[in-house]
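Student: Structure file structure01.txt (compact mmCIF, C-alpha atoms) right here:
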```
# COMPACT_ATOMS: atom_id res chain seq x y z
CA MET K 1 165.77 33.23 124.78
CA ARG K 2 168.45 35.69 125.89
CA ILE K 3 167.15 38.36 123.48
CA ILE K 4 163.53 37.84 124.55
CA THR K 5 164.52 38.00 128.23
CA LYS K 6 166.51 41.18 127.66
CA ARG K 7 163.52 42.81 125.94
CA LEU K 8 161.09 41.71 128.68
CA THR K 9 163.23 42.46 131.74
CA SER K 10 162.09 46.07 132.22
CA LYS K 11 158.43 45.07 131.72
CA LEU K 12 158.66 42.16 134.16
CA ASP K 13 160.57 44.23 136.73
CA PHE K 14 157.95 46.99 136.47
CA TYR K 15 155.26 44.38 137.24
CA GLN K 16 157.01 43.50 140.50
CA THR K 17 156.02 45.35 143.65
CA TRP K 18 158.80 47.01 145.62
CA GLU K 19 159.18 44.08 148.05
CA PRO K 20 160.69 41.28 145.89
CA ALA K 21 164.44 41.22 145.50
CA GLY K 22 165.26 37.92 143.84
CA PHE K 23 166.97 37.99 140.46
CA ARG K 24 166.72 41.80 140.26
CA THR K 25 169.54 44.27 139.74
CA GLY K 26 170.22 46.47 142.74
CA TYR K 27 168.40 44.26 145.26
CA GLY K 28 169.79 41.61 147.55
CA VAL K 29 169.25 39.44 150.58
CA ASN K 30 170.89 42.04 152.86
CA ASP K 31 167.98 44.42 152.22
CA HIS K 32 165.54 41.79 153.44
CA LEU K 33 167.64 40.87 156.46
CA HIS K 34 167.60 44.53 157.47
CA ILE K 35 163.81 44.71 157.02
CA LEU K 36 163.35 41.61 159.18
CA LYS K 37 165.63 43.01 161.88
CA VAL K 38 163.72 46.32 162.00
CA LEU K 39 160.33 44.54 161.99
CA ILE K 40 161.31 42.34 164.91
CA GLU K 41 162.70 45.29 166.86
CA LYS K 42 159.56 47.41 166.30
CA CYS K 43 157.18 44.59 167.17
CA VAL K 44 159.07 43.99 170.42
CA GLU K 45 159.21 47.74 171.16
CA TYR K 46 155.45 48.23 170.64
CA ASN K 47 154.44 44.80 171.98
CA LYS K 48 152.81 43.82 168.67
CA PRO K 49 152.46 40.26 167.36
CA LEU K 50 154.59 39.26 164.40
CA VAL K 51 154.19 36.22 162.17
CA LEU K 52 157.07 35.22 159.94
CA VAL K 53 156.66 32.51 157.32
CA PHE K 54 159.58 31.18 155.35
CA ASN K 55 158.96 29.07 152.26
CA TYR K 56 161.55 26.89 150.65
CA TYR K 57 160.62 26.02 147.09
CA GLU K 58 162.59 22.82 146.60
CA GLU K 59 163.07 22.05 142.94
CA ALA K 60 160.62 24.84 142.16
CA PHE K 61 161.72 25.30 138.56
CA ASP K 62 160.80 21.67 137.84
CA THR K 63 157.28 21.87 139.26
CA ILE K 64 155.88 25.06 137.75
CA ASP K 65 152.58 24.76 135.91
CA ARG K 66 153.23 26.38 132.56
CA SER K 67 149.67 27.57 132.06
CA ALA K 68 150.13 29.65 135.23
CA ILE K 69 153.22 31.25 133.69
CA PHE K 70 151.20 32.36 130.68
CA ARG K 71 148.43 33.73 132.93
CA ALA K 72 151.09 35.70 134.83
CA LEU K 73 152.59 37.06 131.60
CA ALA K 74 149.13 38.10 130.42
CA ASP K 75 148.46 39.77 133.78
CA CYS K 76 151.59 41.91 133.45
CA ARG K 77 150.58 42.73 129.86
CA VAL K 78 153.49 41.14 128.04
CA ASP K 79 153.13 41.52 124.28
CA GLY K 80 151.40 38.43 122.88
CA ARG K 81 154.15 37.92 120.32
CA TYR K 82 156.70 37.32 123.10
CA THR K 83 154.30 35.11 125.00
CA ASP K 84 153.69 33.06 121.85
CA MET K 85 157.46 32.61 121.34
CA ILE K 86 157.92 31.46 124.92
CA ARG K 87 154.90 29.16 124.66
CA ASN K 88 156.30 27.65 121.46
CA VAL K 89 159.63 26.90 123.16
CA TYR K 90 157.92 25.18 126.07
CA GLU K 91 155.17 23.32 124.18
CA ASN K 92 157.71 21.72 121.86
CA ALA K 93 160.26 20.83 124.56
CA THR K 94 161.49 17.25 124.63
CA ALA K 95 164.19 15.36 126.49
CA CYS K 96 165.83 11.97 126.61
CA ILE K 97 167.72 10.05 129.26
CA ARG K 98 171.28 9.00 128.56
CA LEU K 99 172.50 5.90 130.32
CA HIS K 100 174.12 3.14 128.33
CA GLU K 101 172.06 4.27 125.38
CA ASP K 102 169.63 7.12 124.77
CA THR K 103 165.95 6.60 125.53
CA PRO K 104 163.40 7.80 123.00
CA ASN K 105 162.54 11.49 123.29
CA PHE K 106 159.62 12.33 125.54
CA LYS K 107 157.65 15.53 125.96
CA ILE K 108 158.35 17.74 128.98
CA GLY K 109 155.03 18.84 130.43
CA ARG K 110 155.91 21.14 133.31
CA GLY K 111 158.61 23.35 134.75
CA VAL K 112 160.91 25.93 133.25
CA ARG K 113 164.16 25.19 131.49
CA GLN K 114 167.15 24.65 133.75
CA GLY K 115 170.00 27.04 133.01
CA ASP K 116 167.91 29.24 130.71
CA VAL K 117 168.35 32.98 131.29
CA SER K 118 164.57 33.46 131.15
CA SER K 119 163.74 30.90 133.86
CA PRO K 120 164.42 33.11 136.92
CA LYS K 121 162.37 35.95 135.41
CA LEU K 122 159.48 33.62 134.57
CA PHE K 123 159.64 32.12 138.06
CA THR K 124 159.58 35.47 139.89
CA THR K 125 156.83 36.78 137.60
CA LEU K 126 154.72 33.75 138.49
CA LEU K 127 155.40 34.22 142.22
CA GLU K 128 154.42 37.88 141.99
CA TYR K 129 151.22 36.93 140.16
CA MET K 130 150.36 34.45 142.92
CA PHE K 131 151.10 36.96 145.69
CA LYS K 132 149.00 39.64 143.98
CA SER K 133 146.15 37.14 143.66
CA ALA K 134 146.21 36.33 147.39
CA THR K 135 143.76 38.11 149.68
CA VAL K 136 145.84 39.74 152.40
CA ASP K 137 144.08 43.08 152.91
CA ASP K 138 143.73 42.61 156.68
CA PHE K 139 147.42 41.93 157.22
CA GLY K 140 150.62 43.92 157.12
CA ILE K 141 152.35 46.79 158.82
CA ASN K 142 152.42 50.46 157.83
CA ILE K 143 155.92 51.75 157.13
CA ASN K 144 156.13 55.39 156.06
CA GLY K 145 152.67 55.25 154.50
CA GLU K 146 153.36 52.01 152.59
CA LYS K 147 151.75 48.79 153.76
CA LEU K 148 154.29 45.99 153.99
CA ILE K 149 152.50 42.66 153.73
CA LEU K 150 155.27 40.42 152.56
CA THR K 151 158.84 40.56 151.56
CA THR K 152 160.07 38.00 149.10
CA TYR K 153 163.48 36.91 148.05
CA ALA K 154 164.28 34.19 145.57
CA SER K 155 167.75 32.94 144.87
CA LEU K 156 169.43 29.94 143.38
CA MET K 157 170.60 27.52 146.02
CA THR K 158 173.94 25.88 145.29
```
In structure tokens, write the structure found in this file.

Tutor:
Amino acid sequence: MRIITKRLTSKLDFYQTWEPAGFRTGYGVNDHLHILKVLIEKCVEYNKPLVLVFNYYEEAFDTIDRSAIFRALADCRVDGRYTDMIRNVYENATACIRLHEDTPNFKIGRGVRQGDVSSPKLFTTLLEYMFKSATVDDFGININGEKLILTTYASLMT
């Protein structure tokens, strides 16, 4: 999966709008903290309302609907050959539980693979797909001619 991820990284990063910073080279949480600070200051200065929403995606990698991942990959025009390879990895995924003895293998039906280099990219691509699908035309703030509607940051919590 490392080779596939390396080949898809530029495509998936191009699909992202300028706001997201999670799992991307050259972006970090400090950028978003600065944006929040400036937004709060400007809203106070101009007496404008501001709504901030923070989402915590607990165990998000485990709960992702895989069909949504493939819709997101299609939306960002990933070559079907790569999508088919990723689909094959996920459709044939099995696991077992080790206690005193191994349980029989069972099929894994949702989520992305823990520890896989492609998982963060698949996760952020899916989030971007969901955000682009949301209707938020009446919201946002104009900053230098760009409309800022949301700023997203995803990171691994340890």

Student: Report, in Å with one decimal, the straight-line distance from CA of Phe131 (chain K) to CA of Met85 (chain K).

Tutor: 25.5 Å

Student: For Phe106 (chain K), please output as a VMD selection string all residues within 10 Å (counting only C-alpha atoms; exclusion window: fewer than 2 positions along the same chain).

Tutor: chain K and resid 93 to 97 103 to 104 108 to 109

Student: Pick out the closest residue to Ile3 (chain K) from this set: K:Glu128, K:Asp75, K:Asp116, K:Asp102. Count all atoms listed in the file.

Tutor: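 Smallest distance to Ile3 (chain K) is found for K:Asp116.
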
Student: I need the residue nearest Met1 (chain K) from this list: K:Ala60, K:Leu99, K:Glu41, K:Val117. Use all atoms listed in the file for the distance.

Tutor: K:Val117

Student: One number please: CA of Glu59 (chain K) to CA of Ala74 (chain K), in Å, one decimal.

Tutor: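 It comes out at 24.7 Å.
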
Student: CA of Ile64 (chain K) to CA of Phe123 (chain K): how many Å, to one decimal?

Tutor: 8.0 Å

Student: Compare K:Arg98, K:Asp31, K:Leu50, K:Val89 by their minimum atom-to-atom distance to Ser118 (chain K), counting all atoms listed in the file, and give me the closest one.

Tutor: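 Nearest candidate to Ser118 (chain K) out of K:Arg98, K:Asp31, K:Leu50, K:Val89: K:Val89.
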